[in-house]
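Pasting input-v8.cif here (mmCIF, C-alpha atoms):
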```cif
data_data
loop_
_atom_site.label_atom_id
_atom_site.label_comp_id
_atom_site.auth_asym_id
_atom_site.auth_seq_id
_atom_site.Cartn_x
_atom_site.Cartn_y
_atom_site.Cartn_z
CA MET A 291 32.57 17.13 -0.47
CA ASN A 292 30.40 20.14 0.36
CA LYS A 293 27.05 19.98 2.14
CA ASP A 294 24.99 20.55 -1.01
CA GLU A 295 26.65 17.58 -2.65
CA LEU A 296 25.95 15.43 0.39
CA LEU A 297 22.27 16.33 0.20
CA TYR A 298 22.29 15.70 -3.54
CA HIS A 299 23.70 12.20 -3.06
CA TYR A 300 21.23 11.48 -0.28
CA PHE A 301 18.23 12.32 -2.44
CA SER A 302 19.58 10.46 -5.46
CA ASN A 303 20.29 7.40 -3.29
CA SER A 304 24.01 7.46 -4.00
CA LEU A 305 25.72 8.11 -0.65
CA THR A 306 28.77 5.96 0.02
CA GLN A 307 29.24 4.44 3.48
CA ALA A 308 31.69 7.19 4.48
CA GLN A 309 29.42 9.93 3.15
CA GLU A 310 26.48 8.38 5.02
CA GLU A 311 28.39 8.67 8.29
CA LEU A 312 29.31 12.28 7.60
CA PHE A 313 25.71 12.97 6.59
CA GLN A 314 24.28 11.51 9.84
CA ASN A 315 26.85 13.41 11.87
CA LEU A 316 25.97 16.74 10.25
CA LEU A 317 22.27 16.12 10.86
CA LYS A 318 23.01 15.92 14.56
CA THR A 319 25.52 18.75 14.85
CA ASP A 320 24.71 21.34 12.16
CA PRO A 321 21.26 23.00 12.56
CA GLU A 322 21.52 24.81 9.21
CA PHE A 323 22.23 21.53 7.41
CA LYS A 324 19.38 19.85 9.28
CA ALA A 325 16.97 22.68 8.30
CA GLN A 326 17.93 22.37 4.61
CA PHE A 327 17.54 18.59 4.79
CA ASP A 328 14.08 18.92 6.39
CA PHE A 329 13.04 21.41 3.71
CA GLU A 330 14.14 19.17 0.84
CA ASN A 331 12.63 16.13 2.52
CA ASN A 332 9.33 18.01 2.73
CA VAL A 333 9.61 18.89 -0.96
CA LYS A 334 10.08 15.18 -1.66
CA ARG A 335 6.96 14.33 0.37
CA VAL A 336 4.96 17.02 -1.45
CA THR A 337 5.98 15.73 -4.91
CA LYS A 338 4.78 12.31 -3.78
CA GLU A 339 1.48 13.73 -2.55
CA LYS A 340 0.94 15.51 -5.85
CA ARG A 341 1.49 12.26 -7.76
CA HIS A 342 -0.94 10.52 -5.40
CA LEU A 343 -3.68 13.07 -5.91
CA ASP A 344 -3.28 13.01 -9.70
CA LEU A 345 -3.37 9.20 -9.76
CA LYS A 346 -6.27 9.03 -7.30
CA ALA A 347 -8.34 11.23 -9.62
CA LYS A 348 -7.59 8.86 -12.50
CA LEU A 349 -8.47 5.80 -10.42
CA GLY A 350 -11.75 7.50 -9.46
CA SER A 351 -12.66 7.84 -13.12
CA PHE A 352 -11.65 4.20 -13.86
CA GLU A 353 -13.92 3.13 -10.99
CA SER A 354 -16.83 5.15 -12.38
CA ASP A 355 -16.33 3.53 -15.79
CA ILE A 356 -16.42 0.05 -14.19
CA LYS A 357 -19.60 0.84 -12.27
CA LYS A 358 -21.25 2.13 -15.45
CA LYS A 359 -20.40 -1.13 -17.21
CA ASN A 360 -21.64 -3.34 -14.36
CA ILE A 361 -25.38 -3.08 -14.94
CA PRO A 362 -26.76 -6.02 -12.93
CA ILE A 363 -27.82 -8.83 -15.25
CA ALA A 364 -27.38 -11.76 -12.86
CA LYS A 365 -31.10 -12.16 -12.17
CA PHE A 366 -31.99 -12.64 -15.83
CA ASN A 367 -32.02 -16.11 -17.31
CA PHE A 368 -30.35 -16.45 -20.67
CA SER A 369 -33.40 -16.12 -22.94
CA LEU A 370 -34.65 -13.14 -20.98
CA TRP A 371 -31.16 -11.71 -21.23
CA LYS A 372 -31.25 -12.13 -25.01
CA ILE A 373 -34.59 -10.35 -25.21
CA ALA A 374 -33.33 -7.60 -22.94
CA ALA A 375 -30.17 -7.25 -25.01
CA SER A 376 -32.20 -6.99 -28.23
CA VAL A 377 -34.50 -4.38 -26.73
CA ALA A 378 -31.49 -2.49 -25.39
CA LEU A 379 -29.87 -2.60 -28.82
CA LEU A 380 -33.02 -1.25 -30.44
CA ILE A 381 -33.23 1.51 -27.87
CA ILE A 382 -29.55 2.38 -28.24
CA ALA A 383 -29.79 2.31 -32.04
CA GLY A 384 -32.90 4.48 -31.87
CA TRP A 385 -31.26 6.81 -29.39
CA PHE A 386 -28.18 7.19 -31.52
CA GLY A 387 -30.33 7.88 -34.58
CA TYR A 388 -32.38 10.39 -32.70
CA ASN A 389 -29.42 11.88 -30.96
CA SER A 390 -27.41 12.39 -34.11
CA PHE A 391 -30.20 14.64 -35.43
CA PHE A 392 -31.71 16.15 -32.33
CA GLY A 393 -28.98 15.37 -29.77
CA VAL A 394 -29.17 16.71 -26.23
CA ASP A 395 -25.75 17.52 -24.87
CA TYR A 396 -26.16 16.36 -21.25
CA GLU A 397 -22.59 17.29 -20.29
CA ASN A 398 -23.22 20.79 -21.50
CA LEU A 399 -26.57 21.00 -19.69
CA TYR A 400 -24.81 19.84 -16.55
CA SER A 401 -22.11 22.50 -16.88
CA GLU A 402 -24.69 25.22 -17.50
CA ASN A 403 -26.61 24.30 -14.37
CA TYR A 404 -23.90 23.25 -11.95
CA THR A 405 -22.46 25.69 -9.45
CA LYS A 406 -20.55 24.28 -6.52
CA TYR A 407 -22.48 24.88 -3.29
CA PRO A 408 -20.55 27.44 -1.22
CA ASN A 409 -19.12 26.87 2.22
CA THR A 410 -21.89 28.10 4.51
CA VAL A 411 -20.61 26.21 7.54
CA VAL A 412 -17.39 27.75 8.83
CA PRO A 413 -15.79 31.11 8.10
CA ILE A 414 -12.15 30.71 7.06
CA LEU A 415 -10.14 33.18 9.08
CA LYS A 416 -6.57 34.15 8.32
CA GLY A 417 -3.97 35.56 10.65
CA PRO A 418 -1.71 34.51 13.48
CA ASP A 419 -4.62 33.69 15.81
CA ALA A 420 -6.43 31.45 13.33
CA VAL A 421 -6.93 27.96 14.72
CA ILE A 422 -6.41 25.24 12.11
CA THR A 423 -8.76 22.36 12.83
CA THR A 424 -9.59 19.43 10.55
CA GLU A 425 -12.85 21.22 9.73
CA ILE A 426 -10.98 24.38 8.68
CA LYS A 427 -8.52 22.34 6.60
CA ALA A 428 -11.44 20.58 4.90
CA PHE A 429 -13.21 23.80 3.99
CA GLN A 430 -9.97 25.52 2.96
CA ALA A 431 -9.39 22.69 0.48
CA TYR A 432 -13.08 22.79 -0.53
CA GLU A 433 -13.01 26.53 -1.20
CA SER A 434 -9.86 26.25 -3.28
CA ASN A 435 -11.45 23.43 -5.36
CA ASP A 436 -8.89 20.94 -4.08
CA ASP A 437 -11.60 18.28 -3.91
CA LEU A 438 -9.36 15.29 -3.27
CA ASN A 439 -7.83 16.84 -0.18
CA ALA A 440 -11.24 18.10 0.90
CA ILE A 441 -12.46 14.47 0.76
CA LEU A 442 -9.56 13.30 2.93
CA PHE A 443 -10.28 15.93 5.57
CA PHE A 444 -14.07 15.52 5.43
CA LYS A 445 -13.62 11.76 5.90
CA GLU A 446 -11.36 12.39 8.87
CA LEU A 447 -13.92 14.81 10.30
CA LYS A 448 -16.72 12.27 9.74
CA ALA A 449 -14.75 9.72 11.77
CA GLN A 450 -14.03 12.26 14.51
CA LYS A 451 -17.27 14.22 14.97
CA ASN A 452 -19.67 13.23 12.19
CA PRO A 453 -21.24 16.71 11.92
CA LYS A 454 -24.71 16.79 10.36
CA TYR A 455 -23.60 18.57 7.18
CA ILE A 456 -20.78 16.11 6.42
CA ASP A 457 -22.43 13.86 3.81
CA PHE A 458 -23.57 16.86 1.79
CA TYR A 459 -20.09 18.38 1.51
CA LEU A 460 -18.47 14.97 0.99
CA ALA A 461 -20.90 14.41 -1.88
CA GLN A 462 -20.06 17.87 -3.31
CA SER A 463 -16.35 17.01 -3.25
CA TYR A 464 -16.94 13.60 -4.83
CA LEU A 465 -18.97 15.26 -7.57
CA GLY A 466 -16.24 17.87 -8.04
CA SER A 467 -13.62 15.14 -8.45
CA ASN A 468 -15.80 13.11 -10.83
CA GLN A 469 -16.40 10.22 -8.41
CA ILE A 470 -20.01 9.90 -9.45
CA GLU A 471 -21.05 6.73 -7.60
CA LYS A 472 -19.79 8.05 -4.28
CA ALA A 473 -21.47 11.42 -4.88
CA ILE A 474 -24.78 9.60 -5.52
CA THR A 475 -24.39 7.52 -2.34
CA HIS A 476 -23.74 10.53 -0.11
CA PHE A 477 -26.40 12.83 -1.65
CA SER A 478 -28.89 9.95 -1.26
CA THR A 479 -27.91 9.57 2.41
CA VAL A 480 -28.55 13.28 3.02
CA ILE A 481 -32.02 12.95 1.46
CA GLU A 482 -32.94 9.66 3.13
CA MET A 483 -31.84 10.84 6.57
CA ASN A 484 -33.53 14.20 5.95
CA GLN A 485 -30.32 15.96 6.99
CA GLU A 486 -29.77 19.71 7.06
CA PHE A 487 -29.09 20.09 3.33
CA SER A 488 -31.64 17.54 2.10
CA GLU A 489 -33.55 19.96 -0.20
CA LYS A 490 -30.33 21.13 -1.79
CA ALA A 491 -29.07 17.57 -2.06
CA LYS A 492 -32.09 16.75 -4.29
CA TRP A 493 -31.03 19.35 -6.84
CA TYR A 494 -27.43 18.20 -6.78
CA LEU A 495 -28.46 14.54 -6.99
CA ALA A 496 -30.47 15.37 -10.13
CA LEU A 497 -27.39 17.09 -11.59
CA THR A 498 -25.20 14.12 -10.65
CA TYR A 499 -27.55 11.75 -12.52
CA LEU A 500 -27.46 14.14 -15.48
CA LYS A 501 -23.66 14.15 -15.47
CA ASN A 502 -23.79 10.36 -15.40
CA SER A 503 -26.21 10.43 -18.40
CA ASP A 504 -28.78 8.59 -16.27
CA ILE A 505 -31.68 10.53 -17.72
CA LEU A 506 -34.45 8.41 -16.19
CA LYS A 507 -33.28 9.06 -12.65
CA ALA A 508 -32.43 12.71 -13.35
CA THR A 509 -35.97 13.22 -14.69
CA GLU A 510 -37.52 11.49 -11.68
CA GLN A 511 -35.47 13.65 -9.31
CA LEU A 512 -36.32 16.88 -11.13
CA LYS A 513 -40.05 16.06 -11.10
CA GLU A 514 -39.87 15.56 -7.35
CA ILE A 515 -38.20 18.96 -6.86
CA ILE A 516 -40.88 20.62 -9.01
CA SER A 517 -43.79 18.95 -7.23
CA GLU A 518 -42.39 19.85 -3.81
CA GLU A 519 -41.55 23.39 -4.98
CA ALA A 520 -38.21 22.72 -3.35
CA TYR A 521 -34.82 24.42 -3.77
CA LYS A 522 -34.17 25.42 -7.42
CA ALA A 523 -37.70 24.39 -8.50
CA GLN A 524 -37.73 26.94 -11.32
CA GLU A 525 -34.33 25.81 -12.61
CA ALA A 526 -35.55 22.21 -12.32
CA LYS A 527 -38.54 23.03 -14.60
CA GLU A 528 -36.26 24.57 -17.21
CA LEU A 529 -33.76 21.74 -17.01
CA LEU A 530 -36.49 19.11 -17.36
CA LYS A 531 -37.77 20.92 -20.44
CA ALA A 532 -34.26 20.99 -21.92
CA ILE A 533 -33.69 17.28 -21.27
CA ASN A 534 -36.94 16.30 -22.93
CA MET B 292 -3.40 -4.47 -25.99
CA HIS B 293 -1.38 -6.91 -23.89
CA ARG B 294 -2.48 -8.69 -20.73
CA ALA B 295 -1.34 -7.21 -17.40
CA ASP B 296 0.99 -10.21 -16.91
CA ASN B 297 2.94 -9.09 -19.97
CA ILE B 298 3.16 -5.48 -18.89
CA THR B 299 6.75 -4.49 -18.25
CA LEU B 300 8.21 -2.13 -15.68
CA GLU B 301 8.93 0.29 -18.51
CA ASP B 302 5.26 0.24 -19.61
CA LEU B 303 4.27 1.14 -16.06
CA ARG B 304 6.95 3.81 -15.68
CA GLU B 305 5.78 5.51 -18.88
CA GLY B 306 2.45 5.68 -17.07
CA SER B 307 0.03 5.99 -20.00
CA ASP B 308 -3.61 6.15 -18.91
CA GLU B 309 -4.31 3.06 -21.02
CA VAL B 310 -1.78 0.91 -19.13
CA LEU B 311 -2.82 2.33 -15.75
CA LYS B 312 -6.46 1.53 -16.49
CA GLN B 313 -5.69 -1.95 -17.76
CA VAL B 314 -3.69 -2.88 -14.65
CA TYR B 315 -6.40 -1.34 -12.46
CA GLU B 316 -9.18 -3.33 -14.12
CA GLU B 317 -7.31 -6.63 -14.37
CA ASN B 318 -6.45 -6.75 -10.66
CA ARG B 319 -9.56 -5.18 -9.14
CA ASP B 320 -11.86 -8.22 -8.95
CA LYS B 321 -9.05 -10.43 -7.65
CA PHE B 322 -8.37 -7.90 -4.88
CA ILE B 323 -12.05 -7.49 -3.98
CA ASN B 324 -12.46 -11.29 -3.73
CA PHE B 325 -9.37 -11.54 -1.57
CA ALA B 326 -10.51 -8.70 0.75
CA LYS B 327 -14.00 -10.16 1.33
CA ARG B 328 -12.71 -12.11 4.34
CA TYR B 329 -11.91 -8.93 6.30
CA ASN B 330 -15.47 -7.77 6.82
CA LEU B 331 -14.91 -4.33 5.33
CA SER B 332 -17.57 -2.41 3.40
CA HIS B 333 -17.30 -2.47 -0.41
CA GLU B 334 -16.43 1.23 -0.36
CA ASP B 335 -13.58 0.61 2.11
CA VAL B 336 -12.27 -2.32 0.05
CA VAL B 337 -12.18 -0.17 -3.10
CA ASP B 338 -10.43 2.58 -1.12
CA VAL B 339 -7.78 0.11 0.13
CA TYR B 340 -7.38 -1.27 -3.39
CA GLN B 341 -6.75 2.23 -4.72
CA ASP B 342 -4.29 3.00 -1.92
CA ALA B 343 -2.46 -0.29 -2.57
CA TYR B 344 -2.40 0.48 -6.28
CA ILE B 345 -0.94 3.95 -5.60
CA ALA B 346 1.71 2.50 -3.25
CA PHE B 347 2.62 -0.09 -5.91
CA TYR B 348 2.91 2.71 -8.50
CA ASP B 349 5.15 4.74 -6.12
CA ASN B 350 7.56 1.86 -5.80
CA ILE B 351 7.69 1.34 -9.54
CA MET B 352 8.34 5.03 -10.13
CA ASN B 353 10.93 5.55 -7.38
CA GLY B 354 12.92 2.52 -8.47
CA LYS B 355 12.39 0.42 -5.34
CA VAL B 356 11.00 -2.27 -7.61
CA GLN B 357 13.83 -2.88 -10.08
CA SER B 358 12.42 -6.10 -11.49
CA PHE B 359 9.31 -8.15 -10.87
CA THR B 360 9.96 -11.05 -8.51
CA SER B 361 6.21 -11.78 -8.38
CA SER B 362 3.16 -10.99 -10.50
CA ILE B 363 1.62 -7.50 -10.33
CA SER B 364 -1.42 -8.90 -8.49
CA THR B 365 0.84 -10.47 -5.80
CA TYR B 366 2.44 -7.07 -5.22
CA ILE B 367 -0.88 -5.26 -5.00
CA ILE B 368 -2.51 -7.89 -2.76
CA SER B 369 0.51 -7.95 -0.42
CA ILE B 370 0.49 -4.18 -0.12
CA GLY B 371 -3.30 -4.30 0.38
CA LYS B 372 -2.87 -6.81 3.23
CA TYR B 373 -0.34 -4.50 4.85
CA LEU B 374 -2.69 -1.53 4.51
CA ILE B 375 -5.67 -3.45 5.91
CA LEU B 376 -3.60 -4.46 8.92
CA ASP B 377 -2.49 -0.86 9.34
CA LYS B 378 -6.09 0.35 9.07
CA LEU B 379 -7.32 -2.17 11.66
CA LYS B 380 -4.53 -1.12 14.01
CA LYS B 381 -5.29 2.58 13.58
CA ASN B 382 -9.02 2.04 14.11
CA ASN B 383 -8.07 0.06 17.21
CA LYS B 384 -10.31 -2.75 16.06
CA THR B 385 -10.14 -5.87 18.14
CA ILE B 386 -9.75 -9.04 16.19
CA ASN B 387 -11.82 -12.07 17.10
CA PRO B 388 -9.44 -14.53 18.86
CA ASP B 389 -10.62 -17.28 16.52
CA PHE B 390 -9.40 -15.22 13.60
CA ASP B 391 -6.15 -16.47 12.13
CA ILE B 392 -3.92 -13.38 12.20
CA SER B 393 -1.32 -15.09 10.01
CA ILE B 394 -3.54 -14.71 6.94
CA LEU B 395 -3.34 -10.97 7.45
CA ARG B 396 0.42 -10.98 7.58
CA PRO B 397 1.72 -9.68 4.29
CA GLU B 398 4.49 -11.39 2.37
CA GLU B 399 7.19 -9.80 4.48
CA GLU B 400 10.12 -10.12 2.11
CA LEU B 401 8.21 -8.41 -0.64
CA ILE B 402 6.88 -5.67 1.63
CA ASP B 403 10.15 -4.95 3.46
CA ALA B 404 11.76 -3.76 0.26
CA LEU B 405 9.00 -1.23 -0.45
CA ASP B 406 8.30 2.30 0.70
CA LEU B 407 4.77 2.26 2.18
CA ASP B 408 4.65 5.51 4.11
CA THR B 409 0.98 6.32 4.73
CA LYS B 410 1.48 9.35 6.98
CA LYS B 411 -0.60 12.42 6.24
CA LEU B 412 1.03 15.74 5.40
CA THR B 413 2.06 17.88 8.36
CA THR B 414 0.86 21.49 8.57
CA GLU B 415 4.26 22.62 7.30
CA GLN B 416 4.05 20.24 4.34
CA GLU B 417 0.49 21.43 3.58
CA LEU B 418 1.80 24.97 3.29
CA LEU B 419 4.65 23.80 1.10
CA ARG B 420 2.21 21.89 -1.12
CA LYS B 421 0.17 25.02 -1.70
CA HIS B 422 3.24 26.95 -2.87
CA PHE B 423 4.63 24.00 -4.83
CA ASN B 424 1.41 23.94 -6.88
CA ALA B 425 1.91 27.62 -7.68
CA LEU B 426 5.40 27.04 -9.17
CA GLY B 427 5.89 27.07 -12.94
CA ARG B 428 5.56 23.82 -14.91
CA LYS B 429 9.30 23.48 -15.48
CA CYS B 430 10.12 23.72 -11.77
CA LYS B 431 7.40 21.24 -10.83
CA GLU B 432 8.61 18.75 -13.42
CA LEU B 433 12.26 19.07 -12.41
CA LEU B 434 11.55 18.73 -8.68
CA ASP B 435 9.29 15.75 -9.40
CA LEU B 436 12.04 14.02 -11.40
CA PHE B 437 14.63 14.64 -8.75
CA TYR B 438 12.69 14.04 -5.54
CA TYR B 439 9.83 11.71 -6.51
CA ARG B 440 11.53 9.68 -9.22
CA GLY B 441 14.94 9.86 -7.51
CA PHE B 442 16.69 10.63 -10.82
CA THR B 443 20.31 11.78 -10.77
CA ILE B 444 21.24 15.03 -12.56
CA LYS B 445 22.86 12.90 -15.28
CA GLU B 446 19.65 10.91 -15.80
CA ILE B 447 17.66 14.13 -16.05
CA LEU B 448 20.13 15.42 -18.66
CA GLU B 449 19.60 12.23 -20.70
CA LEU B 450 15.89 13.05 -20.98
CA GLY B 451 16.93 15.89 -23.30
CA SER B 452 15.13 18.94 -21.89
CA TYR B 453 18.32 20.58 -20.60
CA ASN B 454 21.67 21.43 -22.22
CA SER B 455 24.03 20.68 -19.36
CA GLU B 456 24.25 19.33 -15.83
CA ASN B 457 25.07 22.83 -14.58
CA VAL B 458 21.85 24.23 -16.03
CA ILE B 459 19.88 21.51 -14.24
CA LYS B 460 21.68 22.17 -10.94
CA SER B 461 21.14 25.93 -11.11
CA THR B 462 17.48 25.53 -12.17
CA LYS B 463 16.86 23.17 -9.26
CA SER B 464 18.49 25.62 -6.80
CA ARG B 465 16.44 28.48 -8.22
CA CYS B 466 13.20 26.51 -7.90
CA LEU B 467 13.92 25.61 -4.28
CA LYS B 468 14.87 29.20 -3.52
CA THR B 469 11.62 30.51 -5.05
CA LEU B 470 9.64 28.00 -3.02
CA LYS B 471 11.40 29.04 0.20
CA GLU B 472 10.83 32.74 -0.50
CA HIS B 473 7.13 32.26 -1.24
CA ILE B 474 6.66 30.38 2.01
CA LYS B 475 8.57 33.00 3.95
CA ASP B 476 6.46 35.80 2.40
CA SER B 477 3.19 34.01 3.11
CA VAL B 478 4.13 33.38 6.73
CA SER B 479 5.21 36.99 7.30
CA ASP B 480 1.95 38.25 5.67
CA GLU B 481 -0.16 36.47 8.26
#
```

Encoded form using structure tokens:
Amino acid sequence: MNKDELLYHYFSNSLTQAQEELFQNLLKTDPEFKAQFDFENNVKRVTKEKRHLDLKAKLGSFESDIKKKNIPIAKFNFSLWKIAASVALLIIAGWFGYNSFFGVDYENLYSENYTKYPNTVVPILKGPDAVITTEIKAFQAYESNDDLNAILFFKELKAQKNPKYIDFYLAQSYLGSNQIEKAITHFSTVIEMNQEFSEKAKWYLALTYLKNSDILKATEQLKEIISEEAYKAQEAKELLKAIN
Amino acid sequence: MHRADNITLEDLREGSDEVLKQVYEENRDKFINFAKRYNLSHEDVVDVYQDAYIAFYDNIMNGKVQSFTSSISTYIISIGKYLILDKLKKNNKTINPDFDISILRPEEELIDALDLDTKKLTTEQELLRKHFNALGRKCKELLDLFYYRGFTIKEILELGSYNSENVIKSTKSRCLKTLKEHIKDSVSDE
């Protein structure tokens, strides 16, 4: 049996006992065989990672759907709940009627207004002397729109150093990967803690609400930006006009 | 739509979004209730649930789970317990001596049979991932079937996209060669 066949049987889980012994022996004594094994093993790990990232994105959207459905109704007693449900039905019916004639396409408005905030924190250098830190890995992933990996590295960085920009870029990556609830949480933290990017976070929080079709909160957020003449105030005015 | 209890291994292996979502939703509350005792934030619990779900999915897809010996929720909760324990260890969290560690211990027999590798990619693997993503669709699919699913060449042939085992073997070699060359080029460019 040649070495390629041995590797083939290893990766398809079909080595016999005798082949297993030969395989282990070659790993120890044949550097070329070991290098090929390491390469293929890395390919295996990478295919797994790709599956994970694809599935994680799906789970993120399932989670957003669940959160959308879970509007808190526990505090209502039953009759109040019935009234609320009737009012909600009337509003929804009215909205659908209105929307079918004069519909506002919030998704489209979001896309027209959303531009991912650039990396203004660390320059990404290339070359043999480039030092690859967690921060660099995070922004490399961020710049190449690999939001799920960016989240992993930003979270790692938050645990290590907790730099003051971290919630803003985490929120950006959550928004980019459609994890709306988490994006809202982290943009809100930036604003509440008055962190470095708090003005910018207000604009992105408004956009996040818009993407989530939460028009009341988006409107509230946009009005605040306009009254404070904050970042993107002019765009906020135009967006508010378009929503209403 | 059937209940998650009636979902078969084949349903899961086909991996339609509908089935994935159903299993996710039907086990989520049970997992969150179970994890309440570990004093983790809601966000952390949801993260662990998703990681446990992904690990469960891996073991369905790579054939480690050949038949269900327990319900889907038992699998996911056992994996979740294992991951929580792992997380507590990594964070070096001390556990209150009054805390009964045995409730954290996952169902060992179930867990031992599974692949639960939670290591992050090495720098070398990160580079490989970048170039893997740049491969053509056919190469990515073939390498996924062979390495992630653990399919034999014969099983890949049975899927019907290739005419012979030799074509599959030569395509796989070509894909690996391309990947190696791209990595070599990118390293020598730097």

Hey, list the chain A side of the contact with chain B: 9 Å cut-off, all atoms listed in the file, answer as a PyMOL selection string. chain A and resi 298-299+301-304+329-342+345-346+348-350+352-353+356+416-418+422+472

Pick from B:Lys445, B:Phe325, B:Leu405, B:Arg428, whichever lies nearest to Ile459 in chain B using all atoms listed in the file: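 Checking each candidate against Ile459 in chain B, we get B:Lys445 as the closest.
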
What does the distance between CA of Leu448 in chain B and CA of Leu296 in chain A come to in Å, to one decimal place?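 Value for the CA of Leu448 in chain B-CA of Leu296 in chain A distance: 19.9 Å.
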
Rounded to one decimal, what separation in Å do you get between CA of Lys406 in chain A and CA of His473 in chain B?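 Atom-to-atom, CA of Lys406 in chain A to CA of His473 in chain B, that is 29.3 Å.
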
Explicit residue set for the PyMOL selection byres ((chain A and resi 499-506) around 12), as number ranges by chain: A: 351, 354-355, 357-358, 394-404, 465-466, 468-475, 477-478, 492-498, 507-513, 526, 529-530, 532-534

CA of Leu303 in chain B sits from CA of Phe322 in chain B at a separation of 19.1 Å

Could you list, as a PyMOL selection string, every residue within 10 Å of Ile375 in chain B, counting only C-alpha atoms and ignoring same-chain residues fewer than 2 positions away? chain B and resi 326+329+331+335-336+339-340+343+369-373+377-381+395-397

Tell me, as an MDAnalysis selection string, which residues lie within 9 Å of Lys355 in chain B, counting only C-alpha atoms; anything in the same chain fewer than 3 positions away does not count. chainID B and resid 349:352 358 404:406

My list of candidates is B:Ser362, B:Ser332, B:Thr462, B:Ser452. Which is closest to Ile298 in chain B when distances are computed with only C-alpha atoms?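 Of B:Ser362, B:Ser332, B:Thr462, B:Ser452, the one nearest Ile298 in chain B, counting only C-alpha atoms, is B:Ser362.
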
Ranking A:Ser517, A:Thr405, A:Asn484, A:Thr306 by minimum distance to Gln462 in chain A and counting all atoms listed in the file, which one comes first?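 Selected residue with least distance to Gln462 in chain A: A:Thr405.
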
Carefully work through the PyMOL selection byres ((chain A and resi 457) around 7) for this structure and note down the residues it includes, as a PDB file with C-alpha atoms, in the frame of the given file.
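This went into result.pdb:
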```
ATOM      1  CA  TYR A 455     -23.600  18.570   7.180  1.00  0.00           C
ATOM      2  CA  ILE A 456     -20.780  16.110   6.420  1.00  0.00           C
ATOM      3  CA  PHE A 458     -23.570  16.860   1.790  1.00  0.00           C
ATOM      4  CA  TYR A 459     -20.090  18.380   1.510  1.00  0.00           C
ATOM      5  CA  LEU A 460     -18.470  14.970   0.990  1.00  0.00           C
ATOM      6  CA  ALA A 461     -20.900  14.410  -1.880  1.00  0.00           C
ATOM      7  CA  HIS A 476     -23.740  10.530  -0.110  1.00  0.00           C
ATOM      8  CA  PHE A 477     -26.400  12.830  -1.650  1.00  0.00           C
ATOM      9  CA  VAL A 480     -28.550  13.280   3.020  1.00  0.00           C
TER      10      VAL A 480
END
```

Between A:Tyr464, A:Thr410, A:Gln524, A:Glu519, which residue has the minimum interatomic distance to Asn435 in chain A, considering only C-alpha atoms?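 Residue with the minimum atom-to-atom distance to Asn435 in chain A: A:Tyr464.
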